[in-house]
>>> print(open('final-v7.json').read())   # JSON, C-alpha atoms
[["chain", "number", "residue", "atom", "x", "y", "z"],
["V", 1, "MET", "CA", 96.88, 49.18, 99.27],
["V", 2, "GLN", "CA", 98.87, 51.19, 96.74],
["V", 3, "GLN", "CA", 101.81, 53.35, 97.68],
["V", 4, "ALA", "CA", 100.11, 56.54, 96.50],
["V", 5, "GLU", "CA", 97.03, 55.79, 98.53],
["V", 6, "PHE", "CA", 99.13, 55.18, 101.62],
["V", 7, "LEU", "CA", 101.01, 58.43, 101.13],
["V", 8, "ASN", "CA", 97.72, 60.28, 100.81],
["V", 9, "ILE", "CA", 96.66, 59.01, 104.20],
["V", 10, "VAL", "CA", 100.01, 59.61, 105.87],
["V", 11, "THR", "CA", 101.09, 62.95, 104.41],
["V", 12, "PRO", "CA", 98.68, 65.20, 106.35],
["V", 13, "PHE", "CA", 100.06, 64.11, 109.72],
["V", 14, "LYS", "CA", 103.63, 62.99, 109.11],
["V", 15, "ASP", "CA", 104.98, 66.43, 110.07],
["V", 16, "LYS", "CA", 103.05, 66.23, 113.31],
["V", 17, "LEU", "CA", 104.61, 62.87, 114.09],
["V", 18, "PHE", "CA", 108.03, 64.30, 113.38],
["V", 19, "ARG", "CA", 107.51, 67.32, 115.61],
["V", 20, "MET", "CA", 106.24, 65.11, 118.41],
["V", 21, "ALA", "CA", 109.27, 62.83, 118.03],
["V", 22, "LYS", "CA", 111.57, 65.82, 118.04],
["V", 23, "ARG", "CA", 109.92, 67.23, 121.13],
["V", 24, "LEU", "CA", 110.67, 64.01, 122.97],
["V", 25, "LEU", "CA", 114.02, 63.03, 121.46],
["V", 26, "VAL", "CA", 115.37, 66.61, 121.05],
["V", 27, "SER", "CA", 117.75, 65.76, 118.20],
["V", 28, "THR", "CA", 116.50, 66.25, 114.66],
["V", 29, "GLU", "CA", 118.32, 63.18, 113.35],
["V", 30, "GLU", "CA", 116.85, 60.90, 115.98],
["V", 31, "ALA", "CA", 113.41, 62.32, 115.37],
["V", 32, "GLU", "CA", 113.78, 61.73, 111.62],
["V", 33, "ASP", "CA", 114.78, 58.13, 112.24],
["V", 34, "ALA", "CA", 111.89, 57.63, 114.61],
["V", 35, "THR", "CA", 109.38, 59.09, 112.16],
["V", 36, "GLN", "CA", 110.74, 56.92, 109.38],
["V", 37, "GLU", "CA", 110.46, 53.87, 111.59],
["V", 38, "ILE", "CA", 106.84, 54.67, 112.47],
["V", 39, "LEU", "CA", 105.88, 55.24, 108.84],
["V", 40, "LEU", "CA", 107.48, 51.97, 107.79],
["V", 41, "LYS", "CA", 105.64, 50.16, 110.54],
["V", 42, "LEU", "CA", 102.39, 51.71, 109.35],
["V", 43, "TRP", "CA", 103.21, 50.69, 105.78],
["V", 44, "THR", "CA", 103.72, 47.06, 106.73],
["V", 45, "LYS", "CA", 100.32, 47.21, 108.40],
["V", 46, "SER", "CA", 98.80, 49.13, 105.52],
["V", 47, "ASN", "CA", 96.29, 46.40, 104.79],
["V", 48, "ALA", "CA", 94.80, 46.83, 108.23],
["V", 49, "ILE", "CA", 94.81, 50.62, 108.09],
["V", 50, "SER", "CA", 91.22, 50.92, 106.91],
["V", 51, "SER", "CA", 90.08, 49.05, 110.01],
["V", 52, "TYR", "CA", 91.51, 51.67, 112.37],
["V", 53, "LYS", "CA", 89.04, 54.26, 113.53],
["V", 54, "ASN", "CA", 91.53, 57.09, 113.62],
["V", 55, "VAL", "CA", 94.81, 56.43, 111.83],
["V", 56, "GLU", "CA", 96.27, 59.75, 112.93],
["V", 57, "ALA", "CA", 95.66, 59.11, 116.62],
["V", 58, "PHE", "CA", 96.95, 55.56, 116.23],
["V", 59, "ALA", "CA", 100.13, 56.78, 114.57],
["V", 60, "MET", "CA", 100.61, 59.41, 117.25],
["V", 61, "THR", "CA", 100.27, 56.79, 119.99],
["V", 62, "MET", "CA", 102.82, 54.64, 118.14],
["V", 63, "THR", "CA", 105.19, 57.59, 117.97],
["V", 64, "LYS", "CA", 104.77, 58.32, 121.65],
["V", 65, "ASN", "CA", 105.47, 54.73, 122.65],
["V", 66, "PHE", "CA", 108.38, 54.41, 120.27],
["V", 67, "CYS", "CA", 110.05, 57.59, 121.50],
["V", 68, "LEU", "CA", 109.54, 56.76, 125.15],
["V", 69, "ASP", "CA", 111.09, 53.35, 124.49],
["V", 70, "ARG", "CA", 114.04, 55.04, 122.82],
["V", 71, "LEU", "CA", 114.47, 57.32, 125.79],
["V", 72, "LYS", "CA", 114.34, 54.40, 128.17],
["V", 73, "SER", "CA", 116.98, 52.39, 126.33],
["V", 74, "LYS", "CA", 120.53, 52.92, 127.49],
["V", 75, "GLN", "CA", 121.76, 53.86, 124.06],
["V", 76, "ALA", "CA", 119.34, 56.73, 123.81],
["V", 77, "SER", "CA", 120.18, 58.06, 127.24],
["V", 78, "ASN", "CA", 123.80, 58.29, 126.16],
["V", 79, "LEU", "CA", 122.78, 60.14, 123.05],
["V", 80, "LYS", "CA", 120.56, 62.45, 125.01],
["V", 81, "LEU", "CA", 123.52, 63.71, 127.00],
["V", 82, "VAL", "CA", 125.28, 64.60, 123.79],
["V", 83, "HIS", "CA", 122.29, 66.28, 122.27],
["V", 84, "SER", "CA", 121.25, 68.44, 125.18],
["V", 85, "ASN", "CA", 124.22, 70.70, 124.52],
["V", 86, "TYR", "CA", 123.86, 70.44, 120.82],
["V", 87, "THR", "CA", 122.02, 72.85, 118.56],
["V", 88, "ASP", "CA", 121.76, 71.95, 114.93],
["V", 89, "ASP", "CA", 122.00, 75.01, 112.77],
["V", 90, "ASN", "CA", 120.62, 73.47, 109.63],
["V", 91, "SER", "CA", 117.00, 73.70, 110.75],
["V", 92, "SER", "CA", 115.17, 76.74, 109.54],
["V", 93, "LEU", "CA", 113.21, 76.88, 112.77],
["V", 94, "GLN", "CA", 116.35, 77.51, 114.72],
["V", 95, "LYS", "CA", 117.25, 80.43, 112.47],
["V", 96, "GLN", "CA", 113.85, 82.04, 112.77],
["V", 97, "VAL", "CA", 114.00, 81.67, 116.46],
["V", 98, "GLU", "CA", 117.48, 83.09, 116.89],
["V", 99, "ALA", "CA", 116.10, 86.55, 116.25],
["V", 100, "SER", "CA", 114.26, 86.51, 119.49],
["V", 101, "ASP", "CA", 116.07, 85.01, 122.41],
["V", 102, "SER", "CA", 113.08, 84.65, 124.70],
["V", 103, "VAL", "CA", 111.26, 82.58, 122.12],
["V", 104, "LEU", "CA", 114.24, 80.25, 122.20],
["V", 105, "TRP", "CA", 113.92, 80.16, 125.95],
["V", 106, "VAL", "CA", 110.44, 78.70, 125.64],
["V", 107, "GLN", "CA", 111.91, 75.80, 123.72],
["V", 108, "ARG", "CA", 114.55, 75.23, 126.39],
["V", 109, "ILE", "CA", 111.96, 75.43, 129.13],
["V", 110, "MET", "CA", 109.84, 72.88, 127.29],
["V", 111, "GLU", "CA", 112.84, 70.55, 127.10],
["V", 112, "GLU", "CA", 113.02, 70.55, 130.86],
["V", 113, "LEU", "CA", 109.39, 69.58, 131.38],
["V", 114, "PRO", "CA", 108.49, 66.02, 132.37],
["V", 115, "GLU", "CA", 107.70, 63.85, 129.35],
["V", 116, "GLN", "CA", 103.97, 63.76, 129.89],
["V", 117, "GLN", "CA", 103.59, 67.53, 130.17],
["V", 118, "LYS", "CA", 105.89, 67.95, 127.21],
["V", 119, "MET", "CA", 103.68, 65.72, 125.07],
["V", 120, "VAL", "CA", 100.45, 67.35, 126.19],
["V", 121, "LEU", "CA", 101.78, 70.83, 125.55],
["V", 122, "GLN", "CA", 103.11, 69.79, 122.15],
["V", 123, "LEU", "CA", 99.86, 68.19, 121.06],
["V", 124, "ARG", "CA", 97.67, 71.01, 122.34],
["V", 125, "ASP", "CA", 99.54, 74.26, 121.86],
["V", 126, "VAL", "CA", 101.58, 73.36, 118.81],
["V", 127, "GLU", "CA", 99.38, 70.85, 117.00],
["V", 128, "GLN", "CA", 96.05, 72.14, 118.36],
["V", 129, "TYR", "CA", 94.34, 68.83, 118.94],
["V", 130, "ASP", "CA", 91.16, 68.54, 121.03],
["V", 131, "LEU", "CA", 91.56, 67.35, 124.58],
["V", 132, "ASP", "CA", 89.60, 64.21, 123.74],
["V", 133, "GLU", "CA", 91.94, 63.42, 120.87],
["V", 134, "ILE", "CA", 94.95, 63.96, 123.10],
["V", 135, "SER", "CA", 93.57, 61.67, 125.76],
["V", 136, "GLU", "CA", 93.11, 59.00, 123.09],
["V", 137, "MET", "CA", 96.62, 59.47, 121.70],
["V", 138, "LEU", "CA", 98.38, 59.46, 125.05],
["V", 139, "GLU", "CA", 96.11, 56.83, 126.58],
["V", 140, "MET", "CA", 95.26, 59.17, 129.44],
["V", 141, "LYS", "CA", 91.99, 60.27, 131.04],
["V", 142, "PRO", "CA", 90.68, 63.64, 129.70],
["V", 143, "THR", "CA", 90.78, 65.17, 133.17],
["V", 144, "ALA", "CA", 94.40, 64.08, 133.58],
["V", 145, "VAL", "CA", 95.21, 65.69, 130.22],
["V", 146, "ARG", "CA", 93.60, 68.95, 131.35],
["V", 147, "VAL", "CA", 95.50, 68.97, 134.62],
["V", 148, "ALA", "CA", 98.82, 68.18, 132.90],
["V", 149, "LEU", "CA", 98.19, 70.90, 130.32],
["V", 150, "SER", "CA", 97.37, 73.56, 132.90],
["V", 151, "ARG", "CA", 100.39, 72.58, 134.97],
["V", 152, "ALA", "CA", 102.71, 72.61, 131.95],
["V", 153, "ARG", "CA", 101.49, 76.06, 130.83],
["V", 154, "LYS", "CA", 101.95, 77.47, 134.31],
["V", 155, "ILE", "CA", 105.45, 76.05, 134.60],
["V", 156, "VAL", "CA", 106.43, 77.57, 131.27],
["V", 157, "ARG", "CA", 105.05, 80.94, 132.37],
["V", 158, "GLU", "CA", 106.81, 80.79, 135.71],
["V", 159, "LYS", "CA", 110.17, 79.81, 134.23],
["V", 160, "LEU", "CA", 109.84, 82.43, 131.52],
["V", 161, "LEU", "CA", 109.23, 85.14, 134.13],
["V", 162, "GLU", "CA", 112.19, 83.87, 136.09],
["V", 163, "LYS", "CA", 114.42, 84.24, 133.06],
["V", 164, "HIS", "CA", 113.07, 87.71, 132.33],
["V", 165, "SER", "CA", 113.66, 89.03, 135.80],
["V", 166, "TYR", "CA", 116.94, 87.19, 136.24],
["V", 167, "GLY", "CA", 119.34, 89.37, 138.22],
["V", 168, "ILE", "CA", 116.74, 92.09, 138.69],
["V", 169, "ARG", "CA", 114.92, 90.68, 141.66],
["Q", 1, "MET", "CA", 87.48, 96.02, 125.01],
["Q", 2, "GLU", "CA", 89.53, 93.56, 123.01],
["Q", 3, "LEU", "CA", 92.21, 93.76, 125.67],
["Q", 4, "ASP", "CA", 89.68, 92.77, 128.31],
["Q", 5, "ASN", "CA", 88.78, 89.74, 126.28],
["Q", 6, "ILE", "CA", 92.42, 88.76, 125.83],
["Q", 7, "GLU", "CA", 93.08, 89.07, 129.56],
["Q", 8, "LYS", "CA", 90.16, 86.79, 130.31],
["Q", 9, "LEU", "CA", 91.30, 84.31, 127.73],
["Q", 10, "ILE", "CA", 94.80, 84.23, 129.20],
["Q", 11, "GLU", "CA", 93.39, 83.48, 132.60],
["Q", 12, "LYS", "CA", 91.32, 80.66, 131.15],
["Q", 13, "TYR", "CA", 94.32, 79.52, 129.11],
["Q", 14, "PHE", "CA", 96.43, 78.81, 132.16],
["Q", 15, "GLU", "CA", 93.57, 76.83, 133.68],
["Q", 16, "ALA", "CA", 93.45, 74.82, 130.44],
["Q", 17, "ALA", "CA", 89.84, 75.84, 129.98],
["Q", 18, "THR", "CA", 90.14, 77.52, 126.58],
["Q", 19, "THR", "CA", 88.96, 75.98, 123.35],
["Q", 20, "VAL", "CA", 91.21, 75.52, 120.33],
["Q", 21, "ALA", "CA", 89.50, 78.50, 118.65],
["Q", 22, "GLU", "CA", 90.09, 80.74, 121.65],
["Q", 23, "GLU", "CA", 93.74, 79.75, 121.73],
["Q", 24, "GLU", "CA", 93.88, 80.65, 118.06],
["Q", 25, "THR", "CA", 92.72, 84.19, 118.90],
["Q", 26, "LEU", "CA", 95.42, 84.42, 121.55],
["Q", 27, "LYS", "CA", 98.05, 83.30, 119.06],
["Q", 28, "GLU", "CA", 96.82, 85.85, 116.55],
["Q", 29, "TYR", "CA", 96.88, 88.61, 119.13],
["Q", 30, "PHE", "CA", 100.45, 87.85, 120.20],
["Q", 31, "SER", "CA", 101.71, 87.51, 116.65],
["Q", 32, "GLN", "CA", 100.98, 91.18, 115.92],
["Q", 33, "GLU", "CA", 103.35, 94.03, 116.63],
["Q", 34, "SER", "CA", 101.45, 95.98, 119.27],
["Q", 35, "VAL", "CA", 100.96, 93.92, 122.39],
["Q", 36, "ALA", "CA", 99.86, 95.58, 125.62],
["Q", 37, "PRO", "CA", 102.97, 96.03, 127.85],
["Q", 38, "HIS", "CA", 101.63, 94.02, 130.77],
["Q", 39, "LEU", "CA", 100.88, 91.12, 128.47],
["Q", 40, "GLU", "CA", 104.20, 91.17, 126.66],
["Q", 41, "GLN", "CA", 105.62, 88.53, 128.96],
["Q", 42, "TYR", "CA", 103.32, 85.91, 127.41],
["Q", 43, "ALA", "CA", 104.21, 86.75, 123.84],
["Q", 44, "PRO", "CA", 107.25, 84.41, 123.53],
["Q", 45, "MET", "CA", 105.14, 81.40, 124.46],
["Q", 46, "PHE", "CA", 102.60, 81.92, 121.71],
["Q", 47, "GLN", "CA", 105.19, 82.99, 119.20],
["Q", 48, "TYR", "CA", 107.18, 79.86, 119.89],
["Q", 49, "PHE", "CA", 104.16, 77.58, 119.53],
["Q", 50, "ALA", "CA", 103.35, 79.18, 116.19],
["Q", 51, "SER", "CA", 106.91, 78.80, 114.91],
["Q", 52, "ALA", "CA", 107.26, 75.24, 116.23],
["Q", 53, "LYS", "CA", 104.40, 74.21, 114.00],
["Q", 54, "LYS", "CA", 106.33, 75.21, 110.89],
["Q", 55, "GLU", "CA", 108.89, 72.45, 111.15],
["Q", 56, "ARG", "CA", 108.58, 69.79, 108.46],
["Q", 57, "PHE", "CA", 109.60, 66.20, 108.04],
["Q", 58, "THR", "CA", 111.68, 66.22, 104.88],
["Q", 59, "LYS", "CA", 113.23, 62.77, 104.89],
["Q", 60, "GLN", "CA", 112.05, 60.33, 102.25],
["Q", 61, "VAL", "CA", 110.66, 57.06, 103.48],
["Q", 62, "PRO", "CA", 111.82, 54.09, 101.40],
["Q", 63, "LEU", "CA", 108.55, 52.26, 100.99],
["Q", 64, "THR", "CA", 108.96, 48.93, 99.32],
["Q", 65, "SER", "CA", 106.41, 48.55, 96.57],
["Q", 66, "GLU", "CA", 103.37, 46.35, 96.92],
["Q", 67, "VAL", "CA", 104.66, 43.96, 94.23],
["Q", 68, "THR", "CA", 107.63, 42.72, 96.23],
["Q", 69, "LYS", "CA", 105.42, 42.33, 99.25],
["Q", 70, "VAL", "CA", 103.05, 40.06, 97.34],
["Q", 71, "LYS", "CA", 106.02, 38.10, 95.94],
["Q", 72, "LYS", "CA", 107.33, 37.52, 99.43],
["Q", 73, "ASN", "CA", 103.96, 36.20, 100.52],
["Q", 74, "ARG", "CA", 103.82, 33.89, 97.52],
["Q", 75, "TYR", "CA", 107.19, 32.35, 98.36],
["Q", 76, "GLY", "CA", 105.75, 31.53, 101.72],
["Q", 77, "TRP", "CA", 102.88, 29.69, 100.08],
["Q", 78, "TYR", "CA", 105.23, 27.94, 97.66],
["Q", 79, "SER", "CA", 107.17, 26.40, 100.51],
["Q", 80, "ALA", "CA", 103.95, 25.28, 102.19],
["Q", 81, "ALA", "CA", 102.73, 23.72, 98.95],
["Q", 82, "ALA", "CA", 106.07, 21.94, 98.45],
["Q", 83, "ALA", "CA", 105.93, 20.49, 101.94],
["Q", 84, "VAL", "CA", 102.42, 19.18, 101.31],
["Q", 85, "ALA", "CA", 103.48, 17.67, 97.97],
["Q", 86, "ILE", "CA", 106.41, 15.84, 99.54],
["Q", 87, "CYS", "CA", 104.25, 14.44, 102.33],
["Q", 88, "ALA", "CA", 101.63, 13.29, 99.82],
["Q", 89, "GLY", "CA", 104.31, 11.67, 97.66],
["Q", 90, "LEU", "CA", 105.73, 9.75, 100.59],
["Q", 91, "TYR", "CA", 102.28, 8.63, 101.64],
["Q", 92, "PHE", "CA", 101.07, 7.40, 98.26],
["Q", 93, "ASN", "CA", 104.36, 5.78, 97.18],
["Q", 94, "GLN", "CA", 104.58, 3.43, 100.14],
["Q", 95, "PRO", "CA", 105.64, 0.00, 98.77],
["Q", 96, "THR", "CA", 102.67, -2.39, 98.83],
["Q", 97, "ALA", "CA", 103.24, -5.77, 100.49],
["Q", 98, "ILE", "CA", 103.67, -8.78, 98.12],
["Q", 99, "GLU", "CA", 100.98, -10.72, 99.97],
["Q", 100, "ASP", "CA", 98.40, -8.14, 98.89],
["Q", 101, "GLU", "CA", 99.25, -8.42, 95.20],
["Q", 102, "TYR", "CA", 99.61, -12.19, 94.69],
["Q", 103, "SER", "CA", 97.76, -15.22, 95.99],
["Q", 104, "PRO", "CA", 99.70, -17.72, 98.16],
["Q", 105, "GLU", "CA", 99.71, -20.28, 95.32],
["Q", 106, "GLU", "CA", 101.34, -17.84, 92.96],
["Q", 107, "ILE", "CA", 103.97, -16.96, 95.55],
["Q", 108, "ALA", "CA", 104.72, -20.61, 96.24],
["Q", 109, "ALA", "CA", 105.08, -21.32, 92.49],
["Q", 110, "ALA", "CA", 107.41, -18.34, 92.08],
["Q", 111, "GLN", "CA", 109.52, -19.44, 95.05],
["Q", 112, "GLU", "CA", 109.83, -22.96, 93.57],
["Q", 113, "ALA", "CA", 110.87, -21.56, 90.22],
["Q", 114, "LEU", "CA", 113.47, -19.32, 91.80],
["Q", 115, "ALA", "CA", 114.87, -22.24, 93.87],
["Q", 116, "LEU", "CA", 115.21, -24.27, 90.66],
["Q", 117, "LEU", "CA", 116.99, -21.40, 88.98],
["Q", 118, "GLY", "CA", 119.36, -21.05, 91.95],
["Q", 119, "ASP", "CA", 120.24, -24.75, 91.88],
["Q", 120, "ASN", "CA", 121.07, -24.68, 88.20],
["Q", 121, "PHE", "CA", 123.17, -21.56, 88.67],
["Q", 122, "ASN", "CA", 125.22, -23.34, 91.34],
["Q", 123, "LYS", "CA", 125.87, -26.21, 88.91],
["Q", 124, "GLY", "CA", 127.54, -23.75, 86.61],
["Q", 125, "THR", "CA", 129.84, -22.37, 89.36],
["Q", 126, "HIS", "CA", 131.58, -25.79, 89.73],
["Q", 127, "GLN", "CA", 133.13, -25.19, 86.35],
["Q", 128, "PHE", "CA", 134.79, -22.04, 87.64],
["Q", 129, "SER", "CA", 137.01, -23.96, 90.11],
["Q", 130, "HIS", "CA", 139.19, -24.89, 87.11],
["Q", 131, "LEU", "CA", 139.79, -21.23, 86.55],
["Q", 132, "ASN", "CA", 141.34, -20.98, 90.00],
["Q", 133, "GLU", "CA", 143.92, -23.59, 88.97],
["Q", 134, "PHE", "CA", 144.69, -21.59, 85.86],
["Q", 135, "GLU", "CA", 145.13, -18.42, 87.97],
["Q", 136, "LYS", "CA", 147.63, -20.19, 90.28],
["Q", 137, "ASN", "CA", 149.79, -21.32, 87.39],
["Q", 138, "THR", "CA", 149.83, -17.96, 85.67],
["Q", 139, "THR", "CA", 150.86, -16.10, 88.86],
["Q", 140, "ARG", "CA", 153.69, -18.59, 89.39],
["Q", 141, "PHE", "CA", 154.78, -18.00, 85.81],
["Q", 142, "ILE", "CA", 154.73, -14.18, 86.25],
["Q", 143, "GLN", "CA", 156.70, -14.34, 89.49],
["Q", 144, "LYS", "CA", 159.42, -16.38, 87.82],
["Q", 145, "ASN", "CA", 160.07, -13.69, 85.28]]
>>> encode(input="final-v7.json", output="structure tokens")
Amino acid sequence: MQQAEFLNIVTPFKDKLFRMAKRLLVSTEEAEDATQEILLKLWTKSNAISSYKNVEAFAMTMTKNFCLDRLKSKQASNLKLVHSNYTDDNSSLQKQVEASDSVLWVQRIMEELPEQQKMVLQLRDVEQYDLDEISEMLEMKPTAVRVALSRARKIVREKLLEKHSYGIR
Amino acid sequence: MELDNIEKLIEKYFEAATTVAEEETLKEYFSQESVAPHLEQYAPMFQYFASAKKERFTKQVPLTSEVTKVKKNRYGWYSAAAAVAICAGLYFNQPTAIEDEYSPEEIAAAQEALALLGDNFNKGTHQFSHLNEFEKNTTRFIQKN
């Protein structure tokens, strides 16, 4: 497979992989490294790519597993401590978001969610995948995805209300 | 009327029963300026999801070109081929036994001839014992000096 051909396949979803990695790893640098790693792994398997039914879902599953492994490893847990208090101001997203503080709160609330709910919410509400696709990517049952999604949305709502009425009630 | 619809959708949304299209309408509704006051609390969620999607992966991935990959593979095959060639060489170059090449009579004749040659060689070596005598005398002469 030629490089150009590979890039054509990968380009439509590489941003999605990156956002998923960032959702899980929090730091932009770590997420960039993770995405690079996943793309290189895909490239080394590029001859087999045509045999995969859904390359995008496959890549997303790879990203999920890779990031969860990173989080499990001791090294990453050390880094996580550093990065939870760390906001990088070079990302344009951060700047857009600064204007409205409560929008930023949603991001912080999402950081506190358990990994599974985090991933489901990311894939559904940010990337707008079908529930079936999400269940394939996360290797979960569709009903479990639905339950996790509903729970995650409700938690975000609850926490958001808590922040809004903080000190009032 | 639209507000009614939005309220219903929000209810469905938190039960995770909305479709992607319906969630799109919600996002559109909350991205506009005028949001009904009792629904304002949900606006940050949808606004955040919309903005989170704008982030891009900008890092370049250093893909090694196909050519080097093929080359690497070929080196692998070269080493395999070399190993096979060496094994074949060892197998085919095994020294053949003399008994296979010559008949017993020929071998016996050759042995006799070689024995004869050896005997005659030994005759010649007797002459060299005189040289030893010469050596002794010369060393004595050198030591005297």
>>> residues_around(input="final-v7.json", residues="Ser46 (chain V)", least_positions_apart="6", cutoff="10 Å", atoms="all atoms listed in the file", output="PyMOL selection string")
chain V and resi 1-3+5-6+39-40
>>> residues_around(input="final-v7.json", residues="Ile38 (chain V)", least_positions_apart="4", cutoff="7 Å", atoms="all atoms listed in the file", output="PyMOL selection string")
chain V and resi 34+42+62-63
>>> atom_distance(input="final-v7.json", atom1="CA of Ala148 (chain V)", atom2="CA of Glu115 (chain V)")
10.5 Å
>>> closest_residue(input="final-v7.json", among="V:Val103, V:Ala31, V:Val55, V:Leu123", to="chain Q", atoms="all atoms listed in the file")
V:Val103
>>> residues_around(input="final-v7.json", residues="Lys54 (chain Q)", least_positions_apart="2", cutoff="9 Å", atoms="only C-alpha atoms", output="list in words")
Asp15 and Leu93 of chain V; Ala50, Ser51, Ala52 and Arg56 of chain Q
>>> interface_residues(input="final-v7.json", of="chain Q", to="chain V", cutoff="6 Å", atoms="all atoms listed in the file", output="PyMOL selection string")
chain Q and resi 14-16+44+48-49+53+56-57+61
>>> closest_residue(input="final-v7.json", among="Q:Glu105, Q:Glu28, Q:Glu2, Q:Glu55", to="Ala43 (chain Q)", atoms="all atoms listed in the file")
Q:Glu28
>>> atom_distance(input="final-v7.json", atom1="CA of Glu23 (chain Q)", atom2="CA of Leu39 (chain Q)")
15.0 Å
